[in-house]
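**Student:** I have a structure I would like to understand better, so I am pasting it below and will then ask my questions one at a time.
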Amino acid sequence: MDFSAVITEWFPYLIGGIFATLGLVGSALILGVLFGLPMAIGQVYGKRPIRFLVGIFVWFFRGLPVLVLLFLFYFGIFPGLGLDVPAFFVGATVLGLRGAAYQSQIFRGAIQSVSEGQMIAARSVGMTKLQSIRNVILPQAVRVALPGWSNEYPNILTDSSVCYAIGVMELMTRTSQIVSQTYITMPIYLLCAGVFILLNYAGMKVLHQIEKKIEIPGFGTGAA
Amino acid sequence: MENTETILRVENIHKSFGDLEVLKGVSFDVKKGETICFIGPSGTGKSTLLRCINLLTQPDQGSVWLGDGEVTNSGKNIDYFRQRIGMVFQNFFLFDHLTAVRNVEIALIKVKGMKPKEAREKALHELRQVGMEEWAEHYPAELSGGQAQRVSIARALAMDPDVILFDEPTSALDPELTREVLEVMKKLAQAGMTMLVVTHEMGFACSVANRIMFMEHGEIKEQGSPDELMNDTKFERCKNFIGQFSDISGD
C-alpha cells in the first residue's frame with residue numbers, strides 16, 4: 001500500500017480527531033487565561049493568603065507530569081466529587097489548569113516588567129488601584145506577555161496527545177485505532193505527525209498576526 | 001495678588017525611610033494662584049514632600065488640607081483628592097500603551113465618567129494649550145522628552161485640578177527641551193494656575209515663583225520672594241546655593 005492511498009483512505013477518520021484536539025487546546029488556552037491572569041494579578045498585588053494559595057496551585061500543577069494529573073483527575077478527583085464527566089472534559093480541565101499554572105508565571109513576569117511609574121501616574125490622576133491595573137498595567141503587560149504566552153500553544157497542542165491515555169477521541173487516539181486495525185504503523189504515525197505540524201504552524205501564524213495587530217511603538221512584542 | 005484664599009495647607013509633615021528622617025516637620029500654606037518653587041540640595045526631601053501632599057508617599061505624621069478637606073486620613077476619598085491635585089513627574093510617566101490624546105483623556109473617561117466624545121474634545125483642547133495638538137495620535141515612544149513632558153502637563157491640566165505638583169519636571173531634559181517645558185509652565189503660572197514646583201532651574205524659580213522655599217536636611221530653611229532671597233542678607237545659605245550656579249555660568 002502506498003502512502004497516498006493510506007492518506008485518502010484514513011484521513012477522513014482523523015478529521016474528527018483534529019476537531020477534538022483543537023477543542024482540547026482551545027478550551028485549555030481559554031481556561032488558562034481565565035485562571036492564569038487573575039492568579040498573576042493576585043500574586044503581584046494580592047495579600048499574603050492569596051499569594052500563598054496561588055503558590056500552592058502553581059506548585060501542584062507544575063510539579064506533576066501531565067499523565068499523572070490526568071489519572072488523578074480521571075480516576076480520583078472527579079469521581080471523588082461524585083461527578084461523572086466525559087474524558088474530553090477531564091482532559092480539557094487538566095490541560096487548562098496546568099496551562100494556568102504556567103501562564104500565571106508568564107503574566108506575573110509581564111506585570112512586574114511594567115515600570116513602577118505607570119502605576120504611580122495612574123494613581124496620581126485619581127484612578128483606584130483596580131482601575132489602574134485594568135486600564136494601565138494589564139494592557140501593557142498583555143503585550144509584553146504575548147510572545148512568551150504564544151509558546152503555550154505548541155506546548156498544550158503536543159501535551160494534548162497524552163489525553164490518549166484516558167480515551168479522549170483526539171488525534172493520537174484515532175491514530176492508534178487506525179494502526180491497530182490496519183497493522184500499518186509508520187505511514188499512519190507520519191500522517192498523525194504531519195497533522196500536528198500543520199496545526200502547530202497554522203496556530204503560530206494566527207498568534208503572530210495577533211501580535212502584529214496589537215503592536216504599539218515602544219513595545220517589543222517580538223512581531224517585528 | 002487679588003485672591004488670597006488659602007487653597008492648600010501643609011502642617012508639620014514628618015517622613016522617615018528606615019532610620020533616615022527625610023522630612024522633619026514641614027509646614028506651609030499655598031494661596032490660590034501662587035507659584036511656589038522648592039529649591040535646595042539633592043536628597044533634602046523636596047520630592048518626598050510633594051509626594052506626601054497627594055499621599056503617593058504616606059507621611060508618618062502631619063496633615064495636608066485641600067480647601068476644607070483633609071487629604072491625609074481621607075481613606076478611600078484619596079482618589080478624589082488626587083483628581084484635584086495634578087502631578088507632573090521627572091520621567092513623565094506617560095501611559096506607554098496610549099497615544100498622546102488617549103493619555104490625556106483616559107482619566108476623564110475612567111475616573112470622571114465623561115463621555116468619550118466630550119473627553120476627546122477636552123483632551124485636544126489641553127494638548128493645544130501645551131502646543132502638542134499635532135502630536136495627538138503619537139505614542140510616547142515617538143515623542144521627545146520635552147514633548148512627552150508637555151503631554152504629561154496636559155494630562156494633569158485636563159482634570160481641572162486646584163493645584164499641580166511638578167516634581168523636577170525638567171531634570172531629565174537637555175537645555176533646549178527644558179526651555180520648551182518651562183515656557184509652558186510659565187504660561188500656566190501667568191494664567192493663574194496654582195503650582196508647586198521642585199526644580200533646579202534657578203532662572204525659572206527667580207522669574208516665575210511668587211515664593212521660593214529653600215530646603216535643606218528635611219526642613220524649609222529659608223523662604224521668601226525671589227527678590228528677598230537674592231538680596232536680603234539674612235538669607236545667606238540660600239544665596240550661596242544659588243550663587244554656585246552663577247560662578248559657573250558667569251551671569
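Every chain in the C-alpha cells takes a letter, A first, then B, and so on in the order presented; its residues are numbered from 1, and the ligands are numbered from 1 following the presented order.
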Need the shell around Phe241 in chain B: protein/DNA/RNA residues with any atom at most 12 Å away, counting only C-alpha atoms. Skip same-chain ones fewer than 2 positions apart. Format as JSON, numbers by chain?

**Tutor:** {"B": [39, 40, 41, 42, 200, 202, 214, 215, 216, 222, 229, 230, 235, 236, 237, 238, 239, 243, 244, 245, 246, 247]}

**Student:** Kindly provide, as a PDB file with N, CA and C atoms, in the first residue's frame, the residues of chain B having any atom no farther than 7 Å from an atom of chain A, counting only C-alpha atoms.

**Tutor:**
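And here is the file that came out, out.pdb:
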ATOM      1  N   ASP B  79      -8.672  59.107  46.217  1.00  0.00           N
ATOM      2  CA  ASP B  79      -8.734  59.161  44.757  1.00  0.00           C
ATOM      3  C   ASP B  79      -9.418  60.442  44.280  1.00  0.00           C
ATOM      4  N   TYR B  80     -10.352  60.932  45.088  1.00  0.00           N
ATOM      5  CA  TYR B  80     -10.982  62.210  44.745  1.00  0.00           C
ATOM      6  C   TYR B  80      -9.968  63.350  44.868  1.00  0.00           C
ATOM      7  N   ARG B  82      -6.813  63.181  44.676  1.00  0.00           N
ATOM      8  CA  ARG B  82      -5.776  63.095  43.638  1.00  0.00           C
ATOM      9  C   ARG B  82      -6.261  63.669  42.310  1.00  0.00           C
ATOM     10  N   GLN B  83      -7.581  63.635  42.084  1.00  0.00           N
ATOM     11  CA  GLN B  83      -8.098  64.308  40.892  1.00  0.00           C
ATOM     12  C   GLN B  83      -7.911  65.811  41.008  1.00  0.00           C
ATOM     13  N   GLY B  86      -3.070  67.718  40.642  1.00  0.00           N
ATOM     14  CA  GLY B  86      -2.363  67.135  39.497  1.00  0.00           C
ATOM     15  C   GLY B  86      -0.899  66.913  39.822  1.00  0.00           C
ATOM     16  N   MET B  87      -0.277  66.008  39.052  1.00  0.00           N
ATOM     17  CA  MET B  87       1.151  65.807  39.302  1.00  0.00           C
ATOM     18  C   MET B  87       1.894  65.571  37.999  1.00  0.00           C
ATOM     19  N   PHE B  93       6.314  59.595  32.996  1.00  0.00           N
ATOM     20  CA  PHE B  93       5.373  58.514  33.314  1.00  0.00           C
ATOM     21  C   PHE B  93       4.110  58.579  32.468  1.00  0.00           C
ATOM     22  N   PHE B  95       1.426  57.046  29.960  1.00  0.00           N
ATOM     23  CA  PHE B  95       0.994  55.664  29.778  1.00  0.00           C
ATOM     24  C   PHE B  95       1.526  55.186  28.422  1.00  0.00           C
ATOM     25  N   HIS B  97       1.265  52.690  26.524  1.00  0.00           N
ATOM     26  CA  HIS B  97       0.489  51.979  25.508  1.00  0.00           C
ATOM     27  C   HIS B  97      -0.570  52.867  24.867  1.00  0.00           C
ATOM     28  N   ALA B 107      -8.235  59.387  31.977  1.00  0.00           N
ATOM     29  CA  ALA B 107      -8.757  59.611  33.328  1.00  0.00           C
ATOM     30  C   ALA B 107     -10.088  60.351  33.285  1.00  0.00           C
ATOM     31  N   VAL B 111     -12.204  57.963  35.209  1.00  0.00           N
ATOM     32  CA  VAL B 111     -12.319  58.471  36.576  1.00  0.00           C
ATOM     33  C   VAL B 111     -13.480  59.456  36.695  1.00  0.00           C
ATOM     34  N   TYR B 139       2.483  57.905  19.882  1.00  0.00           N
ATOM     35  CA  TYR B 139       2.738  57.187  21.134  1.00  0.00           C
ATOM     36  C   TYR B 139       3.929  57.818  21.870  1.00  0.00           C
ATOM     37  N   ALA B 141       6.629  56.680  22.918  1.00  0.00           N
ATOM     38  CA  ALA B 141       7.951  56.301  22.404  1.00  0.00           C
ATOM     39  C   ALA B 141       8.339  57.129  21.180  1.00  0.00           C
TER      40      ALA B 141
END

**Student:** Excluding same-chain residues fewer than 2 positions from Pro38 in chain A, what lies within 10 Å of it counting only C-alpha atoms, as a list in words?

**Tutor:** Val33, Leu34, Phe35, Gly36, Ala40, Ile41, Gly42, Gln43, Val44, Val54, Ala100, Ser104, Phe107 and Arg108 of chain A

**Student:** Would you list the contacts of range 149-164 of chain A as a ChimeraX atom specification, taking every protein, DNA or RNA residue within 8 Å and counting only C-alpha atoms, but skipping same-chain residues closer than 3 positions in sequence?

**Tutor:** /A:21-22,24-25,28-29,66-67,70,91,95,99,103,106,145-146,167-173,196,200,203-204,207

**Student:** As an NGL selection string, which residues of range 69-136 of chain B does DSSP assign to helix (DSSP H, G or I)?

**Tutor:** :B and (75-84 or 100-110 or 116-129 or 133-135)

**Student:** If you keep C-alpha atoms, can you produce a file of those selected residues as an mmCIF file, in the first residue's frame?

**Tutor:**
data_model
loop_
_atom_site.group_PDB
_atom_site.id
_atom_site.type_symbol
_atom_site.label_atom_id
_atom_site.label_comp_id
_atom_site.auth_asym_id
_atom_site.auth_seq_id
_atom_site.Cartn_x
_atom_site.Cartn_y
_atom_site.Cartn_z
ATOM 1 C CA GLY B 75 -9.271 56.804 53.235
ATOM 2 C CA LYS B 76 -10.983 55.857 50.005
ATOM 3 C CA ASN B 77 -11.549 59.529 49.229
ATOM 4 C CA ILE B 78 -7.887 59.889 48.392
ATOM 5 C CA ASP B 79 -8.734 59.161 44.757
ATOM 6 C CA TYR B 80 -10.982 62.210 44.745
ATOM 7 C CA PHE B 81 -8.253 64.428 46.184
ATOM 8 C CA ARG B 82 -5.776 63.095 43.638
ATOM 9 C CA GLN B 83 -8.098 64.308 40.892
ATOM 10 C CA ARG B 84 -7.918 67.766 42.482
ATOM 11 C CA ALA B 100 -0.855 61.365 23.487
ATOM 12 C CA VAL B 101 -4.531 62.218 23.270
ATOM 13 C CA ARG B 102 -5.557 58.917 24.920
ATOM 14 C CA ASN B 103 -3.103 59.678 27.725
ATOM 15 C CA VAL B 104 -4.895 62.924 28.398
ATOM 16 C CA GLU B 105 -8.457 61.650 28.055
ATOM 17 C CA ILE B 106 -8.297 58.284 29.808
ATOM 18 C CA ALA B 107 -8.757 59.611 33.328
ATOM 19 C CA LEU B 108 -11.553 61.895 32.117
ATOM 20 C CA ILE B 109 -13.408 58.836 30.870
ATOM 21 C CA LYS B 110 -12.492 56.255 33.502
ATOM 22 C CA PRO B 116 -15.688 59.697 25.130
ATOM 23 C CA LYS B 117 -16.538 62.427 22.631
ATOM 24 C CA GLU B 118 -16.532 65.169 25.260
ATOM 25 C CA ALA B 119 -13.330 63.814 26.757
ATOM 26 C CA ARG B 120 -11.651 63.802 23.352
ATOM 27 C CA GLU B 121 -12.552 67.440 22.805
ATOM 28 C CA LYS B 122 -11.250 68.414 26.199
ATOM 29 C CA ALA B 123 -8.071 66.395 25.704
ATOM 30 C CA LEU B 124 -7.390 68.063 22.354
ATOM 31 C CA HIS B 125 -8.003 71.437 23.946
ATOM 32 C CA GLU B 126 -5.437 70.720 26.658
ATOM 33 C CA LEU B 127 -2.938 69.449 24.108
ATOM 34 C CA ARG B 128 -3.400 72.725 22.228
ATOM 35 C CA GLN B 129 -2.598 74.601 25.459
ATOM 36 C CA GLU B 133 -2.183 69.035 19.333
ATOM 37 C CA GLU B 134 -0.387 67.946 16.154
ATOM 38 C CA TRP B 135 1.122 65.040 18.062
#
